[in-house]
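To start, the structure itself, in structure tokens.
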Amino acid sequence: MSSIADNIGSVTRRIQKATMQAGRAPGAVRLLAVSKTRPPEDLREAADAGQCAFGENYLQEALDKIDALSDVPDIDWHFIGPIQSNKTRQIASTFSWVHSVDRLKIARRLSEHRDPDLPPLNICLQVNINEEESKSGCRLAQLPQLVADIGELPNLSLRGLMAIPDPDQPDESLRQSFRKLADSLSELKTSQPAAGPLDTLSMGMSDDLEIAIEEGATWVRVGSALFGARPPKS
Ligand SMILES: *Cc1c(COP(=O)(O)O)cnc(C)c1O
């Protein structure tokens, strides 16, 4: 079995190769290690191998790991799971990024609860790009209003968009989904330049990161290719 350090090496090479083939600048795409369900020892091994950005989906589990790894310097914690409004206080004070904001109410609460002495909380708006019934995320059509409203909030930095396209579609439709997200980001950047940096596309996972990078991803969120297959949900 390959080690987590080996896996980080091979995923990093996949990212570098795809970035180069897409003619994008070296370093344009960053690796977010998605560590949900993994024990703190696995994250420590990844951190020892140089990985510093970790994505977590469940707040309590994340807080336990953040505590267990408090001796490791320079870890950046990203929240990527669905957000309940009673969790915004802890999320705003513990994470440096939130990729899964999908409504104004949550953004308002994150801004209210972010300590103004900290750097602004980096957020991405999660878009339900394939308009799937059961999925979280806003609709593409809601983006202009959401961006306008969130751009006014003081303690947030609106970095861009995030999506989890339906993984069961053929590569070409997957590519179309990523492209739609990228096109939406550039439209917003043009129409609402003051809303925030709007420099981030959080898209692509273990099985499709190359396609996402070709379409402009700046964060790829990778779990199983780094840590192995997750146990099935019980
Ligand atoms: C689990 C998860 C990932 C990682 O998926 P893999 O297929 O294991 O790479 C990425 N993004 C989100 C939001 C996730 O929940």
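If you're wondering about the labels, chains in the structure tokens are A, B, ... by order shown, residues count from 1 in each chain, ligands from 1 in order shown.
Residue neighbourhood of stretch 79-87 of chain A, excluding near-sequence residues (fewer than 4 positions): Gly55, Glu56, Asn57, Tyr58, Ile91, Phe95, Trp97, Val98, His99, Ser100 and Ile106 of chain A, at 7 Å, using only C-alpha atoms.
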Can you write out the residues you just picked, keeping all heavy atoms, as a compact mmCIF listing (two decimals), in the first residue's frame?
```txt
# COMPACT_ATOMS: atom_id res chain seq x y z
N GLY A 55 -9.35 20.21 4.06
CA GLY A 55 -10.77 20.49 3.94
C GLY A 55 -11.57 19.51 4.78
O GLY A 55 -11.36 18.29 4.70
N GLU A 56 -12.48 20.03 5.59
CA GLU A 56 -13.32 19.19 6.45
C GLU A 56 -14.79 19.49 6.19
O GLU A 56 -15.16 20.64 5.93
CB GLU A 56 -12.98 19.43 7.92
CG GLU A 56 -11.62 18.86 8.35
CD GLU A 56 -11.65 17.35 8.58
OE1 GLU A 56 -12.76 16.80 8.78
OE2 GLU A 56 -10.57 16.72 8.56
N ASN A 57 -15.65 18.46 6.32
CA ASN A 57 -17.08 18.60 6.03
C ASN A 57 -17.97 18.70 7.25
O ASN A 57 -19.10 19.15 7.14
CB ASN A 57 -17.59 17.39 5.24
CG ASN A 57 -16.94 17.26 3.89
OD1 ASN A 57 -15.71 17.16 3.79
ND2 ASN A 57 -17.74 17.27 2.84
N TYR A 58 -17.50 18.17 8.38
CA TYR A 58 -18.36 18.08 9.56
C TYR A 58 -17.72 18.84 10.69
O TYR A 58 -16.55 18.59 11.04
CB TYR A 58 -18.58 16.61 9.95
CG TYR A 58 -18.97 15.75 8.77
CD1 TYR A 58 -18.06 14.88 8.19
CD2 TYR A 58 -20.24 15.85 8.21
CE1 TYR A 58 -18.40 14.11 7.09
CE2 TYR A 58 -20.60 15.09 7.11
CZ TYR A 58 -19.68 14.21 6.55
OH TYR A 58 -20.01 13.47 5.46
N ILE A 91 -17.54 28.12 12.97
CA ILE A 91 -16.88 28.07 11.66
C ILE A 91 -16.13 29.38 11.40
O ILE A 91 -14.97 29.37 10.99
CB ILE A 91 -17.93 27.79 10.55
CG1 ILE A 91 -18.46 26.35 10.69
CG2 ILE A 91 -17.30 27.98 9.16
CD1 ILE A 91 -19.60 26.00 9.75
N PHE A 95 -11.93 28.62 10.92
CA PHE A 95 -11.46 28.29 9.57
C PHE A 95 -10.93 29.53 8.87
O PHE A 95 -11.27 30.66 9.25
CB PHE A 95 -12.61 27.68 8.77
CG PHE A 95 -12.99 26.30 9.25
CD1 PHE A 95 -13.82 26.13 10.35
CD2 PHE A 95 -12.48 25.17 8.61
CE1 PHE A 95 -14.14 24.86 10.81
CE2 PHE A 95 -12.81 23.90 9.08
CZ PHE A 95 -13.64 23.74 10.17
N TRP A 97 -11.00 29.46 5.33
CA TRP A 97 -11.81 29.44 4.11
C TRP A 97 -13.12 28.68 4.38
O TRP A 97 -13.11 27.68 5.10
CB TRP A 97 -11.10 28.67 2.98
CG TRP A 97 -10.00 29.38 2.27
CD1 TRP A 97 -8.73 29.60 2.73
CD2 TRP A 97 -10.04 29.92 0.94
NE1 TRP A 97 -8.00 30.24 1.77
CE2 TRP A 97 -8.77 30.45 0.66
CE3 TRP A 97 -11.04 30.01 -0.04
CZ2 TRP A 97 -8.45 31.06 -0.55
CZ3 TRP A 97 -10.74 30.61 -1.25
CH2 TRP A 97 -9.45 31.13 -1.49
N VAL A 98 -14.19 29.09 3.70
CA VAL A 98 -15.43 28.32 3.67
C VAL A 98 -15.84 28.23 2.19
O VAL A 98 -16.09 29.26 1.56
CB VAL A 98 -16.55 28.98 4.50
CG1 VAL A 98 -17.83 28.16 4.41
CG2 VAL A 98 -16.13 29.15 5.96
N HIS A 99 -15.89 26.99 1.65
CA HIS A 99 -16.19 26.82 0.22
C HIS A 99 -17.67 26.63 -0.04
O HIS A 99 -18.07 26.57 -1.20
CB HIS A 99 -15.47 25.58 -0.33
CG HIS A 99 -13.98 25.67 -0.37
ND1 HIS A 99 -13.24 25.37 -1.49
CD2 HIS A 99 -13.07 26.04 0.58
CE1 HIS A 99 -11.95 25.53 -1.23
NE2 HIS A 99 -11.81 25.92 0.02
N SER A 100 -18.47 26.46 1.01
CA SER A 100 -19.83 25.94 0.83
C SER A 100 -20.91 26.92 1.28
O SER A 100 -21.95 26.51 1.77
CB SER A 100 -19.95 24.63 1.60
OG SER A 100 -19.37 24.76 2.90
N ILE A 106 -26.46 32.71 5.71
CA ILE A 106 -25.23 32.09 6.23
C ILE A 106 -24.05 33.06 6.09
O ILE A 106 -23.24 33.21 7.00
CB ILE A 106 -24.95 30.76 5.48
CG1 ILE A 106 -26.05 29.73 5.79
CG2 ILE A 106 -23.57 30.21 5.79
CD1 ILE A 106 -26.10 29.25 7.22
```
Filtered DSSP result for stretch 58-204 of chain A, state helix (DSSP H, G or I), as an MDAnalysis selection string: chainID A and resid 59:68 85:94 104:113 140:150 171:191
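Pairwise distance (atom CA of A:Lys65, atom CA of A:Asp115) equals 21.8 Å.
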Can you work out which one of A:Gln90, A:Thr218, A:Ser206, A:Asn155 has the shortest atom-to-atom distance to ligand 1, counting only C-alpha atoms and all ligand atoms? A:Ser206
Of the residues A:Met205, A:Leu140, A:Ile211, A:Leu181, which is the one nearest to A:Val34, using only C-alpha atoms?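 Of A:Met205, A:Leu140, A:Ile211, A:Leu181, the one nearest A:Val34, counting only C-alpha atoms, is A:Met205.
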